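Undergrad: Here you go, model_34.pdb (PDB, C-alpha atoms):
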ATOM      1  CA  MET Z   1     -76.115  26.232  36.261
ATOM      2  CA  LYS Z   2     -77.913  23.435  34.467
ATOM      3  CA  GLY Z   3     -77.907  22.238  30.893
ATOM      4  CA  THR Z   4     -75.466  20.656  28.483
ATOM      5  CA  ILE Z   5     -73.569  22.681  25.910
ATOM      6  CA  SER Z   6     -72.830  20.993  22.583
ATOM      7  CA  ILE Z   7     -69.644  22.343  20.978
ATOM      8  CA  LEU Z   8     -69.097  21.617  17.268
ATOM      9  CA  VAL Z   9     -65.570  21.446  15.842
ATOM     10  CA  PRO Z  10     -65.060  20.647  12.139
ATOM     11  CA  VAL Z  11     -61.496  19.506  11.404
ATOM     12  CA  PHE Z  12     -59.489  18.601   8.316
ATOM     13  CA  GLN Z  13     -55.895  17.332   8.426
ATOM     14  CA  GLY Z  14     -55.737  18.591  12.001
ATOM     15  CA  ARG Z  15     -53.392  16.077  13.613
ATOM     16  CA  PRO Z  16     -50.619  18.659  14.304
ATOM     17  CA  PHE Z  17     -52.812  21.190  16.150
ATOM     18  CA  VAL Z  18     -56.177  19.724  17.185
ATOM     19  CA  GLY Z  19     -54.692  18.557  20.491
ATOM     20  CA  ARG Z  20     -54.604  22.059  21.953
ATOM     21  CA  CYS Z  21     -58.233  22.543  20.885
ATOM     22  CA  LEU Z  22     -59.249  19.376  22.768
ATOM     23  CA  GLN Z  23     -57.186  20.376  25.807
ATOM     24  CA  SER Z  24     -58.927  23.749  25.963
ATOM     25  CA  VAL Z  25     -62.281  21.955  26.194
ATOM     26  CA  LEU Z  26     -60.981  19.582  28.880
ATOM     27  CA  GLN Z  27     -59.881  22.626  30.896
ATOM     28  CA  GLN Z  28     -63.352  24.214  30.915
ATOM     29  CA  THR Z  29     -64.618  25.144  34.378
ATOM     30  CA  TYR Z  30     -68.105  24.121  33.214
ATOM     31  CA  LYS Z  31     -68.054  20.349  32.769
ATOM     32  CA  ASN Z  32     -71.495  19.580  31.344
ATOM     33  CA  ILE Z  33     -70.123  19.470  27.812
ATOM     34  CA  GLU Z  34     -70.759  17.431  24.686
ATOM     35  CA  LEU Z  35     -67.889  17.953  22.230
ATOM     36  CA  ILE Z  36     -68.773  16.923  18.685
ATOM     37  CA  VAL Z  37     -65.724  16.781  16.416
ATOM     38  CA  ILE Z  38     -66.405  16.204  12.719
ATOM     39  CA  ASP Z  39     -63.453  14.850  10.752
ATOM     40  CA  ASP Z  40     -63.919  16.134   7.208
ATOM     41  CA  GLY Z  41     -62.097  13.325   5.403
ATOM     42  CA  SER Z  42     -58.627  13.729   6.946
ATOM     43  CA  THR Z  43     -55.908  11.308   5.883
ATOM     44  CA  ASP Z  44     -53.306  12.143   8.563
ATOM     45  CA  GLY Z  45     -54.715  10.106  11.457
ATOM     46  CA  THR Z  46     -56.781  12.974  12.867
ATOM     47  CA  LYS Z  47     -59.770  10.791  13.817
ATOM     48  CA  GLU Z  48     -57.675   8.193  15.635
ATOM     49  CA  PHE Z  49     -55.815  10.937  17.513
ATOM     50  CA  ILE Z  50     -59.096  12.546  18.622
ATOM     51  CA  GLU Z  51     -60.507   9.216  19.764
ATOM     52  CA  SER Z  52     -57.457   8.744  22.014
ATOM     53  CA  PHE Z  53     -58.912  11.526  24.205
ATOM     54  CA  GLU Z  54     -62.185   9.682  24.928
ATOM     55  CA  THR Z  55     -61.037   8.427  28.361
ATOM     56  CA  ASP Z  56     -59.857  11.914  29.373
ATOM     57  CA  PHE Z  57     -63.284  13.344  28.550
ATOM     58  CA  ALA Z  58     -65.156  10.511  30.267
ATOM     59  CA  ASP Z  59     -63.081  10.909  33.455
ATOM     60  CA  LEU Z  60     -64.301  14.519  33.710
ATOM     61  CA  GLY Z  61     -67.927  13.638  33.002
ATOM     62  CA  MET Z  62     -67.780  15.104  29.506
ATOM     63  CA  ARG Z  63     -68.902  13.450  26.275
ATOM     64  CA  LEU Z  64     -66.640  13.273  23.221
ATOM     65  CA  VAL Z  65     -68.277  12.368  19.912
ATOM     66  CA  CYS Z  66     -66.002  11.915  16.890
ATOM     67  CA  LEU Z  67     -67.789  11.749  13.535
ATOM     68  CA  ARG Z  68     -66.295  11.266  10.088
ATOM     69  CA  GLN Z  69     -67.416  12.147   6.577
ATOM     70  CA  GLU Z  70     -65.856  12.309   3.144
ATOM     71  CA  ASN Z  71     -64.235  15.673   2.509
ATOM     72  CA  ALA Z  72     -66.983  18.173   1.699
ATOM     73  CA  GLY Z  73     -65.989  21.392   3.505
ATOM     74  CA  GLN Z  74     -66.689  23.000   6.874
ATOM     75  CA  ALA Z  75     -70.322  23.879   6.208
ATOM     76  CA  SER Z  76     -71.120  20.271   5.350
ATOM     77  CA  ALA Z  77     -69.256  19.140   8.482
ATOM     78  CA  ILE Z  78     -71.255  21.589  10.621
ATOM     79  CA  ASN Z  79     -74.485  20.199   9.155
ATOM     80  CA  TYR Z  80     -73.408  16.659  10.018
ATOM     81  CA  GLY Z  81     -72.593  17.725  13.552
ATOM     82  CA  LEU Z  82     -75.886  19.588  14.025
ATOM     83  CA  LYS Z  83     -77.772  16.329  13.457
ATOM     84  CA  HIS Z  84     -76.062  14.875  16.550
ATOM     85  CA  VAL Z  85     -76.563  17.797  18.955
ATOM     86  CA  THR Z  86     -78.311  16.810  22.209
ATOM     87  CA  GLY Z  87     -77.351  19.776  24.423
ATOM     88  CA  ASP Z  88     -79.376  22.759  25.594
ATOM     89  CA  TYR Z  89     -76.851  25.231  24.188
ATOM     90  CA  VAL Z  90     -74.753  25.175  21.019
ATOM     91  CA  ALA Z  91     -71.357  26.659  20.188
ATOM     92  CA  TRP Z  92     -68.745  26.083  17.507
ATOM     93  CA  PHE Z  93     -65.108  26.909  16.936
ATOM     94  CA  ASP Z  94     -62.200  26.040  14.650
ATOM     95  CA  SER Z  95     -59.919  23.103  15.369
ATOM     96  CA  ASP Z  96     -56.740  25.211  15.361
ATOM     97  CA  ASP Z  97     -57.977  27.673  18.009
ATOM     98  CA  VAL Z  98     -58.554  27.432  21.769
ATOM     99  CA  LEU Z  99     -61.265  28.388  24.239
ATOM    100  CA  GLN Z 100     -60.513  30.229  27.453
ATOM    101  CA  PRO Z 101     -61.221  27.985  30.505
ATOM    102  CA  PHE Z 102     -64.255  30.092  31.462
ATOM    103  CA  PHE Z 103     -65.769  30.208  27.950
ATOM    104  CA  ALA Z 104     -68.774  27.949  28.596
ATOM    105  CA  GLU Z 105     -69.380  29.029  32.195
ATOM    106  CA  ALA Z 106     -69.248  32.751  31.414
ATOM    107  CA  LEU Z 107     -71.531  32.735  28.345
ATOM    108  CA  ILE Z 108     -74.054  30.300  29.827
ATOM    109  CA  SER Z 109     -74.158  32.485  32.968
ATOM    110  CA  CYS Z 110     -74.943  35.457  30.728
ATOM    111  CA  LEU Z 111     -77.907  33.583  29.263
ATOM    112  CA  ASN Z 112     -79.093  32.421  32.688
ATOM    113  CA  ASN Z 113     -79.036  36.015  33.913
ATOM    114  CA  ARG Z 114     -80.937  37.185  30.834
ATOM    115  CA  PRO Z 115     -83.799  34.741  30.149
ATOM    116  CA  ASP Z 116     -84.993  36.983  27.289
ATOM    117  CA  ALA Z 117     -81.655  36.667  25.437
ATOM    118  CA  ASP Z 118     -81.260  34.118  22.639
ATOM    119  CA  PHE Z 119     -77.478  34.065  22.411
ATOM    120  CA  ALA Z 120     -74.377  35.408  24.150
ATOM    121  CA  VAL Z 121     -71.223  36.828  22.555
ATOM    122  CA  GLY Z 122     -67.756  37.445  23.986
ATOM    123  CA  GLN Z 123     -64.494  38.756  22.547
ATOM    124  CA  LEU Z 124     -61.736  37.094  20.493
ATOM    125  CA  ALA Z 125     -57.983  37.544  20.906
ATOM    126  CA  PHE Z 126     -55.891  37.000  17.775
ATOM    127  CA  VAL Z 127     -52.460  35.615  18.616
ATOM    128  CA  ASN Z 128     -49.309  34.618  16.759
ATOM    129  CA  GLU Z 129     -48.906  30.905  16.056
ATOM    130  CA  THR Z 130     -45.318  30.902  17.309
ATOM    131  CA  ARG Z 131     -45.933  33.373  20.158
ATOM    132  CA  PRO Z 132     -49.354  32.475  21.592
ATOM    133  CA  ASP Z 133     -48.709  34.671  24.638
ATOM    134  CA  ARG Z 134     -48.533  37.730  22.382
ATOM    135  CA  VAL Z 135     -51.925  39.232  21.532
ATOM    136  CA  LEU Z 136     -51.890  40.837  18.086
ATOM    137  CA  PHE Z 137     -55.306  42.438  18.485
ATOM    138  CA  ILE Z 138     -58.677  41.875  20.136
ATOM    139  CA  LYS Z 139     -61.861  41.649  18.112
ATOM    140  CA  LYS Z 140     -65.065  42.655  19.855
ATOM    141  CA  ARG Z 141     -68.451  44.086  19.074
ATOM    142  CA  VAL Z 142     -69.499  47.362  20.644
ATOM    143  CA  PRO Z 143     -73.299  47.099  20.835
ATOM    144  CA  PRO Z 144     -75.132  50.260  19.807
ATOM    145  CA  VAL Z 145     -77.467  51.996  22.207
ATOM    146  CA  GLY Z 146     -81.082  50.998  21.625
ATOM    147  CA  TYR Z 147     -81.779  48.760  18.636
ATOM    148  CA  ASP Z 148     -79.065  46.117  18.196
ATOM    149  CA  SER Z 149     -78.189  46.148  14.479
ATOM    150  CA  PHE Z 150     -76.097  42.949  14.639
ATOM    151  CA  PHE Z 151     -77.769  41.420  11.561
ATOM    152  CA  ASP Z 152     -77.355  44.569   9.456
ATOM    153  CA  ASP Z 153     -73.751  44.957  10.577
ATOM    154  CA  LEU Z 154     -72.966  41.368   9.564
ATOM    155  CA  LEU Z 155     -74.101  42.121   6.018
ATOM    156  CA  GLU Z 156     -71.672  45.039   5.875
ATOM    157  CA  GLU Z 157     -68.869  43.462   7.950
ATOM    158  CA  ARG Z 158     -69.069  46.462  10.277
ATOM    159  CA  ASN Z 159     -68.564  46.436  14.067
ATOM    160  CA  ILE Z 160     -68.807  42.657  14.254
ATOM    161  CA  VAL Z 161     -67.090  39.632  15.703
ATOM    162  CA  PHE Z 162     -67.761  36.318  13.972
ATOM    163  CA  GLY Z 163     -69.130  33.535  16.144
ATOM    164  CA  SER Z 164     -66.425  30.889  15.887
ATOM    165  CA  GLY Z 165     -65.303  30.525  19.479
ATOM    166  CA  CYS Z 166     -67.119  33.522  20.934
ATOM    167  CA  LEU Z 167     -70.836  32.667  20.755
ATOM    168  CA  VAL Z 168     -73.227  30.410  22.661
ATOM    169  CA  VAL Z 169     -76.821  30.096  21.431
ATOM    170  CA  ARG Z 170     -79.830  28.378  22.942
ATOM    171  CA  LYS Z 171     -80.456  25.166  20.995
ATOM    172  CA  ASP Z 172     -84.236  25.564  20.720
ATOM    173  CA  TYR Z 173     -83.822  29.056  19.302
ATOM    174  CA  LEU Z 174     -81.101  27.940  16.882
ATOM    175  CA  PHE Z 175     -83.121  25.073  15.471
ATOM    176  CA  ARG Z 176     -86.149  27.318  14.989
ATOM    177  CA  ARG Z 177     -83.922  29.488  12.817
ATOM    178  CA  LEU Z 178     -82.142  26.781  10.808
ATOM    179  CA  LYS Z 179     -84.329  25.030   8.262
ATOM    180  CA  ASN Z 180     -83.981  21.242   8.737
ATOM    181  CA  ARG Z 181     -81.114  21.884  11.189
ATOM    182  CA  GLU Z 182     -78.925  22.821   8.236
ATOM    183  CA  ILE Z 183     -76.999  25.736   6.836
ATOM    184  CA  LEU Z 184     -76.381  26.356   3.156
ATOM    185  CA  THR Z 185     -73.573  24.058   2.003
ATOM    186  CA  ASN Z 186     -70.594  26.060   0.811
ATOM    187  CA  ARG Z 187     -66.835  25.692   1.092
ATOM    188  CA  GLU Z 188     -66.568  29.035   2.894
ATOM    189  CA  GLY Z 189     -68.543  31.417   5.069
ATOM    190  CA  GLN Z 190     -70.081  29.046   7.622
ATOM    191  CA  ASN Z 191     -69.976  31.798  10.260
ATOM    192  CA  TRP Z 192     -72.251  33.961   8.117
ATOM    193  CA  GLN Z 193     -74.493  30.984   7.415
ATOM    194  CA  LEU Z 194     -74.952  30.372  11.141
ATOM    195  CA  MET Z 195     -74.950  33.939  12.420
ATOM    196  CA  LEU Z 196     -77.330  35.603   9.975
ATOM    197  CA  PRO Z 197     -80.273  33.396  11.053
ATOM    198  CA  ILE Z 198     -79.250  33.736  14.731
ATOM    199  CA  THR Z 199     -78.961  37.532  14.697
ATOM    200  CA  TYR Z 200     -82.105  38.242  12.672
ATOM    201  CA  HIS Z 201     -84.301  39.830  15.388
ATOM    202  CA  GLY Z 202     -82.429  37.730  17.952
ATOM    203  CA  LYS Z 203     -81.599  39.159  21.372
ATOM    204  CA  CYS Z 204     -77.921  39.171  22.302
ATOM    205  CA  VAL Z 205     -76.188  39.574  25.652
ATOM    206  CA  TYR Z 206     -72.538  40.633  25.571
ATOM    207  CA  TYR Z 207     -69.673  39.414  27.752
ATOM    208  CA  ASP Z 208     -66.934  42.018  28.094
ATOM    209  CA  ALA Z 209     -63.860  39.763  28.030
ATOM    210  CA  VAL Z 210     -61.854  37.515  25.699
ATOM    211  CA  VAL Z 211     -63.353  34.006  25.612
ATOM    212  CA  ALA Z 212     -61.190  32.394  22.893
ATOM    213  CA  LYS Z 213     -57.846  32.731  21.129
ATOM    214  CA  ILE Z 214     -57.575  32.655  17.354
ATOM    215  CA  PHE Z 215     -54.192  31.487  16.090
ATOM    216  CA  GLN Z 216     -52.887  33.310  13.020
ATOM    217  CA  ARG Z 217     -51.644  30.388  10.950
ATOM    218  CA  PRO Z 218     -50.650  31.390   7.386
ATOM    219  CA  SER Z 219     -51.667  27.930   6.138
ATOM    220  CA  SER Z 220     -55.189  27.986   7.589
ATOM    221  CA  HIS Z 221     -58.125  27.844   5.161
ATOM    222  CA  SER Z 222     -59.308  31.409   5.781
ATOM    223  CA  ARG Z 223     -55.850  33.011   5.807
ATOM    224  CA  HIS Z 224     -53.797  31.356   3.049
ATOM    225  CA  GLN Z 225     -52.459  33.441   0.170
ATOM    226  CA  ARG Z 226     -54.831  33.898  -2.774
ATOM    227  CA  THR Z 227     -54.290  35.315  -6.235
ATOM    228  CA  PRO Z 228     -56.189  38.488  -7.214
ATOM    229  CA  ARG Z 229     -58.415  36.343  -9.448
ATOM    230  CA  GLN Z 230     -59.232  34.027  -6.537
ATOM    231  CA  ILE Z 231     -60.034  36.978  -4.270
ATOM    232  CA  ILE Z 232     -62.437  38.516  -6.786
ATOM    233  CA  ASP Z 233     -64.116  35.142  -7.336
ATOM    234  CA  ARG Z 234     -64.361  34.726  -3.556
ATOM    235  CA  TYR Z 235     -66.159  38.068  -3.242
ATOM    236  CA  ARG Z 236     -68.535  37.067  -6.038
ATOM    237  CA  GLY Z 237     -69.142  33.788  -4.209
ATOM    238  CA  PHE Z 238     -69.969  35.634  -1.003
ATOM    239  CA  ILE Z 239     -72.773  37.466  -2.813
ATOM    240  CA  ASP Z 240     -74.381  34.146  -3.745
ATOM    241  CA  LEU Z 241     -73.697  32.720  -0.281
ATOM    242  CA  LEU Z 242     -75.277  35.570   1.669
ATOM    243  CA  ASN Z 243     -78.243  35.862  -0.678
ATOM    244  CA  GLY Z 244     -78.760  32.103  -0.516
ATOM    245  CA  THR Z 245     -78.668  32.208   3.283
ATOM    246  CA  ILE Z 246     -81.214  35.029   3.360
ATOM    247  CA  ALA Z 247     -83.439  33.105   0.918
ATOM    248  CA  ARG Z 248     -83.514  30.150   3.346
ATOM    249  CA  MET Z 249     -84.785  32.411   6.149
ATOM    250  CA  ASP Z 250     -88.473  31.922   5.348
ATOM    251  CA  TYR Z 251     -89.440  33.864   8.500
ATOM    252  CA  CYS Z 252     -87.946  37.001   6.929
ATOM    253  CA  PRO Z 253     -90.630  38.948   4.973
ATOM    254  CA  GLU Z 254     -90.025  39.060   1.241
ATOM    255  CA  SER Z 255     -89.792  42.864   1.197
ATOM    256  CA  GLU Z 256     -87.058  42.797   3.863
ATOM    257  CA  ALA Z 257     -85.203  39.987   2.121
ATOM    258  CA  LYS Z 258     -85.171  42.002  -1.096
ATOM    259  CA  THR Z 259     -83.682  44.997   0.737
ATOM    260  CA  TYR Z 260     -81.027  42.856   2.402
ATOM    261  CA  LYS Z 261     -80.018  41.258  -0.899
ATOM    262  CA  LYS Z 262     -79.569  44.709  -2.430
ATOM    263  CA  LYS Z 263     -77.361  45.657   0.504
ATOM    264  CA  VAL Z 264     -75.224  42.544  -0.013
ATOM    265  CA  LEU Z 265     -74.794  43.368  -3.711
ATOM    266  CA  GLN Z 266     -73.886  46.965  -2.862
ATOM    267  CA  VAL Z 267     -71.295  46.021  -0.231
ATOM    268  CA  PHE Z 268     -69.489  43.435  -2.336
ATOM    269  CA  SER Z 269     -69.745  45.368  -5.605
ATOM    270  CA  GLU Z 270     -67.889  48.198  -3.874
ATOM    271  CA  LYS Z 271     -65.290  45.753  -2.514
ATOM    272  CA  ILE Z 272     -64.832  44.160  -5.943
ATOM    273  CA  PHE Z 273     -64.510  47.520  -7.675
ATOM    274  CA  ALA Z 274     -61.893  48.774  -5.207
ATOM    275  CA  TYR Z 275     -59.844  45.578  -5.335
ATOM    276  CA  ALA Z 276     -60.124  45.142  -9.099
ATOM    277  CA  TYR Z 277     -59.049  48.767  -9.598
ATOM    278  CA  MET Z 278     -55.905  48.218  -7.521
ATOM    279  CA  HIS Z 279     -55.004  45.212  -9.704
ATOM    280  CA  LYS Z 280     -56.168  46.742 -12.996
ATOM    281  CA  MET Z 281     -58.738  43.986 -13.594
ATOM    282  CA  ILE Z 282     -60.803  46.050 -15.996
ATOM    283  CA  ALA Z 283     -63.560  43.524 -16.754
ATOM    284  CA  ASP Z 284     -64.270  43.045 -13.042
ATOM    285  CA  CYS Z 285     -64.284  46.815 -12.495
ATOM    286  CA  GLU Z 286     -66.836  47.180 -15.263
ATOM    287  CA  TRP Z 287     -68.996  44.406 -13.801
ATOM    288  CA  ALA Z 288     -68.921  45.983 -10.340
ATOM    289  CA  TYR Z 289     -69.551  49.443 -11.775
ATOM    290  CA  ALA Z 290     -72.619  48.146 -13.622
ATOM    291  CA  GLN Z 291     -74.036  46.744 -10.364
ATOM    292  CA  MET Z 292     -73.333  49.984  -8.504
ATOM    293  CA  SER Z 293     -74.942  52.017 -11.297
ATOM    294  CA  ALA Z 294     -78.079  49.871 -11.152
ATOM    295  CA  LEU Z 295     -78.192  50.416  -7.388
ATOM    296  CA  GLN Z 296     -77.390  54.134  -7.831
ATOM    297  CA  THR Z 297     -74.419  53.942  -5.455
ATOM    298  CA  THR Z 298     -71.643  55.179  -7.734
ATOM    299  CA  THR Z 299     -69.582  58.102  -6.419
ATOM    300  CA  SER Z 300     -67.312  60.739  -7.913
ATOM    301  CA  GLN Z 301     -64.355  58.589  -6.857
ATOM    302  CA  THR Z 302     -65.596  55.477  -8.690
ATOM    303  CA  GLU Z 303     -66.305  57.626 -11.762
ATOM    304  CA  ARG Z 304     -62.761  59.019 -11.625
ATOM    305  CA  GLU Z 305     -61.135  55.621 -11.104
ATOM    306  CA  ARG Z 306     -63.116  54.112 -13.945
ATOM    307  CA  ARG Z 307     -61.766  56.859 -16.259
ATOM    308  CA  LEU Z 308     -58.192  56.229 -15.057
ATOM    309  CA  LEU Z 309     -58.413  52.613 -16.250
ATOM    310  CA  LYS Z 310     -58.645  53.754 -19.872
ATOM    311  CA  PRO Z 311     -55.420  53.378 -21.943
ATOM    312  CA  ASN Z 312     -54.937  57.132 -22.403
ATOM    313  CA  HIS Z 313     -54.781  57.623 -18.603
ATOM    314  CA  THR Z 314     -52.068  55.044 -17.831
ATOM    315  CA  LEU Z 315     -49.618  57.468 -16.174
ATOM    316  CA  ALA Z 316     -52.367  59.039 -14.072
ATOM    317  CA  TYR Z 317     -53.539  55.562 -13.029
ATOM    318  CA  TRP Z 318     -50.092  54.510 -11.772
ATOM    319  CA  PHE Z 319     -49.583  57.816  -9.990
ATOM    320  CA  ASP Z 320     -52.917  57.273  -8.206
ATOM    321  CA  ARG Z 321     -51.896  53.701  -7.307
ATOM    322  CA  LEU Z 322     -48.555  54.805  -5.864
ATOM    323  CA  SER Z 323     -50.197  57.614  -3.901
ATOM    324  CA  LYS Z 324     -52.658  55.220  -2.313
ATOM    325  CA  ARG Z 325     -49.911  52.711  -1.506
ATOM    326  CA  ALA Z 326     -47.837  55.438   0.172
ATOM    327  CA  LEU Z 327     -50.851  56.564   2.194
ATOM    328  CA  ARG Z 328     -51.498  53.007   3.410
ATOM    329  CA  ALA Z 329     -47.854  52.649   4.428
ATOM    330  CA  ILE Z 330     -48.017  55.881   6.414
ATOM    331  CA  ARG Z 331     -51.168  54.710   8.185
ATOM    332  CA  ARG Z 332     -49.589  51.346   9.066
ATOM    333  CA  PHE Z 333     -46.488  53.079  10.417
ATOM    334  CA  ALA Z 334     -48.629  55.452  12.487
ATOM    335  CA  ALA Z 335     -50.570  52.481  13.887
ATOM    336  CA  LEU Z 336     -47.287  50.807  14.930
ATOM    337  CA  LEU Z 337     -46.202  53.955  16.730
ATOM    338  CA  ARG Z 338     -49.485  53.996  18.679
ATOM    339  CA  ARG Z 339     -48.969  50.424  19.968
ATOM    340  CA  PRO Z 340     -47.941  50.206  23.622
TER     341      PRO Z 340
END
Would you mind giving the structure from this file in structure tokens?
TA:
Amino acid sequence: MKGTISILVPVFQGRPFVGRCLQSVLQQTYKNIELIVIDDGSTDGTKEFIESFETDFADLGMRLVCLRQENAGQASAINYGLKHVTGDYVAWFDSDDVLQPFFAEALISCLNNRPDADFAVGQLAFVNETRPDRVLFIKKRVPPVGYDSFFDDLLEERNIVFGSGCLVVRKDYLFRRLKNREILTNREGQNWQLMLPITYHGKCVYYDAVVAKIFQRPSSHSRHQRTPRQIIDRYRGFIDLLNGTIARMDYCPESEAKTYKKKVLQVFSEKIFAYAYMHKMIADCEWAYAQMSALQTTTSQTERERRLLKPNHTLAYWFDRLSKRALRAIRRFAALLRRP
């Protein structure tokens, strides 16, 4: 196989765990690698620690590039890294996760065997931080027969695996899809911002094996505890993020873009309504209900739950809440019993 793969890794305050990320790149069976690590304003010596690996990379014929910027979030760090890409393929993953040794070789082989494919996707294993040998679950995409609805499924978070650590894309194709080699700057959602342009009418080839491990760290940016208010605001932010990403895709016809934006509003209005109902956040329920009514997607269940939020239905509301909580507990217990 020929061609360099550029791997982007944004990192913030990563001194305690970025070492295993770097080691997983050093252990790749495919050595034609350019690793671009972007330090997003760390103050714990992350950059100096990363630079201590330069000789290790050089000895294996790999290139390690360590960039630094003032703290501005992962999307901004990705944009900075994209400006320095020189490889023929591009990948990205988080600094607290690891790649399987065959990650680059396997996915580049997939693309070599399928010249018509634009990107390749593998599977992700989620593991416990303290027990990395224990796989909690495997995330993979089961491609549908015929038309690959990857883009549509991303909008609905259905049958998908996000690209951090499981995707390799041809550079020329990627840069045709990203305006000015940039994604929309936002503190969250950089996987959506990269994958929506990639999957829009892009051809994917799938690799049927785990190519990276995702460590479940409670303190990580995407998994730390949030208040109900923060979660609702995050959902509202995702609406703006996805619609902004679609708006930047100037190769997407306006009529299609309008349909996709409606879908985004529908998906997250339903999420907001369901979550706000469970936490009795009446104003947010009303906002979400208004969006669903305008889109004509309300159901008998949303009508019923909206009525239960009224003061004269307090007892019925709490009975409904307890019933749903009991049902979720039963489902979780049944899932545990099914585990090998």
Undergrad: So what does the PyMOL selection byres ((chain Z and resi 212) around 8) actually pick up in this one, as a PyMOL selection string?
TA: chain Z and resi 97-100+103+123-125+165-166+210-211+213-214
Undergrad: Could you write those residues out with C-alpha atoms, as a PDB file, in the coordinates of the input?
TA:
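Output file again_13.pdb follows:
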ATOM      1  CA  ASP Z  97     -57.977  27.673  18.009  1.00  0.00           C
ATOM      2  CA  VAL Z  98     -58.554  27.432  21.769  1.00  0.00           C
ATOM      3  CA  LEU Z  99     -61.265  28.388  24.239  1.00  0.00           C
ATOM      4  CA  GLN Z 100     -60.513  30.229  27.453  1.00  0.00           C
ATOM      5  CA  PHE Z 103     -65.769  30.208  27.950  1.00  0.00           C
ATOM      6  CA  GLN Z 123     -64.494  38.756  22.547  1.00  0.00           C
ATOM      7  CA  LEU Z 124     -61.736  37.094  20.493  1.00  0.00           C
ATOM      8  CA  ALA Z 125     -57.983  37.544  20.906  1.00  0.00           C
ATOM      9  CA  GLY Z 165     -65.303  30.525  19.479  1.00  0.00           C
ATOM     10  CA  CYS Z 166     -67.119  33.522  20.934  1.00  0.00           C
ATOM     11  CA  VAL Z 210     -61.854  37.515  25.699  1.00  0.00           C
ATOM     12  CA  VAL Z 211     -63.353  34.006  25.612  1.00  0.00           C
ATOM     13  CA  LYS Z 213     -57.846  32.731  21.129  1.00  0.00           C
ATOM     14  CA  ILE Z 214     -57.575  32.655  17.354  1.00  0.00           C
TER      15      ILE Z 214
END
Undergrad: If the PyMOL selection byres ((chain Z and resi 32) around 10) were run on this exact file, what residues would it hold? Put them as a PyMOL selection string.
TA: chain Z and resi 1-6+28-31+33-35+60-63+87+104-105
Undergrad: Let's have the selection written as a PDB file, in the frame of the given file, with C-alpha atoms.
TA:
ATOM      1  CA  MET Z   1     -76.115  26.232  36.261  1.00  0.00           C
ATOM      2  CA  LYS Z   2     -77.913  23.435  34.467  1.00  0.00           C
ATOM      3  CA  GLY Z   3     -77.907  22.238  30.893  1.00  0.00           C
ATOM      4  CA  THR Z   4     -75.466  20.656  28.483  1.00  0.00           C
ATOM      5  CA  ILE Z   5     -73.569  22.681  25.910  1.00  0.00           C
ATOM      6  CA  SER Z   6     -72.830  20.993  22.583  1.00  0.00           C
ATOM      7  CA  GLN Z  28     -63.352  24.214  30.915  1.00  0.00           C
ATOM      8  CA  THR Z  29     -64.618  25.144  34.378  1.00  0.00           C
ATOM      9  CA  TYR Z  30     -68.105  24.121  33.214  1.00  0.00           C
ATOM     10  CA  LYS Z  31     -68.054  20.349  32.769  1.00  0.00           C
ATOM     11  CA  ILE Z  33     -70.123  19.470  27.812  1.00  0.00           C
ATOM     12  CA  GLU Z  34     -70.759  17.431  24.686  1.00  0.00           C
ATOM     13  CA  LEU Z  35     -67.889  17.953  22.230  1.00  0.00           C
ATOM     14  CA  LEU Z  60     -64.301  14.519  33.710  1.00  0.00           C
ATOM     15  CA  GLY Z  61     -67.927  13.638  33.002  1.00  0.00           C
ATOM     16  CA  MET Z  62     -67.780  15.104  29.506  1.00  0.00           C
ATOM     17  CA  ARG Z  63     -68.902  13.450  26.275  1.00  0.00           C
ATOM     18  CA  GLY Z  87     -77.351  19.776  24.423  1.00  0.00           C
ATOM     19  CA  ALA Z 104     -68.774  27.949  28.596  1.00  0.00           C
ATOM     20  CA  GLU Z 105     -69.380  29.029  32.195  1.00  0.00           C
TER      21      GLU Z 105
END
Undergrad: Report as a JSON list (two decimals) with C-alpha atoms, in the frame of the given file the full result of the PyMOL selection byres ((chain Z and resi 301) around 12) when it is applied to this structure.
TA:
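Done, and the output landed in expr-v1.json:
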[["chain", "number", "residue", "atom", "x", "y", "z"],
["Z", 270, "GLU", "CA", -67.89, 48.20, -3.87],
["Z", 273, "PHE", "CA", -64.51, 47.52, -7.68],
["Z", 274, "ALA", "CA", -61.89, 48.77, -5.21],
["Z", 277, "TYR", "CA", -59.05, 48.77, -9.60],
["Z", 289, "TYR", "CA", -69.55, 49.44, -11.78],
["Z", 297, "THR", "CA", -74.42, 53.94, -5.46],
["Z", 298, "THR", "CA", -71.64, 55.18, -7.73],
["Z", 299, "THR", "CA", -69.58, 58.10, -6.42],
["Z", 300, "SER", "CA", -67.31, 60.74, -7.91],
["Z", 302, "THR", "CA", -65.60, 55.48, -8.69],
["Z", 303, "GLU", "CA", -66.31, 57.63, -11.76],
["Z", 304, "ARG", "CA", -62.76, 59.02, -11.62],
["Z", 305, "GLU", "CA", -61.14, 55.62, -11.10],
["Z", 306, "ARG", "CA", -63.12, 54.11, -13.94],
["Z", 307, "ARG", "CA", -61.77, 56.86, -16.26],
["Z", 308, "LEU", "CA", -58.19, 56.23, -15.06],
["Z", 320, "ASP", "CA", -52.92, 57.27, -8.21]]
Undergrad: What's the 10 Å shell around Z:Lys83, counting only C-alpha atoms, without same-chain residues fewer than 3 positions away, as number ranges by chain?
TA: Z: 78-80, 86, 180-182
Undergrad: Let me have the centre and edge lengths of the axis-aligned box enclosing all listed atoms of stretch 92-98 of chain Z with 5 Å padding on every side, in Å to one decimal, as AutoDock Vina command-line options.
TA:
--center_x -62.7 --center_y 25.4 --center_z 18.2 --size_x 22.0 --size_y 14.6 --size_z 17.1
Undergrad: Which residues, written as a ChimeraX atom specification, have at least one atom at most 9 Å from Z:Ile198, with all atoms listed in the file counted and residues fewer than 2 positions away on the same chain left out?
TA: /Z:118-119,151,169,173-174,177-178,194-196,200-203
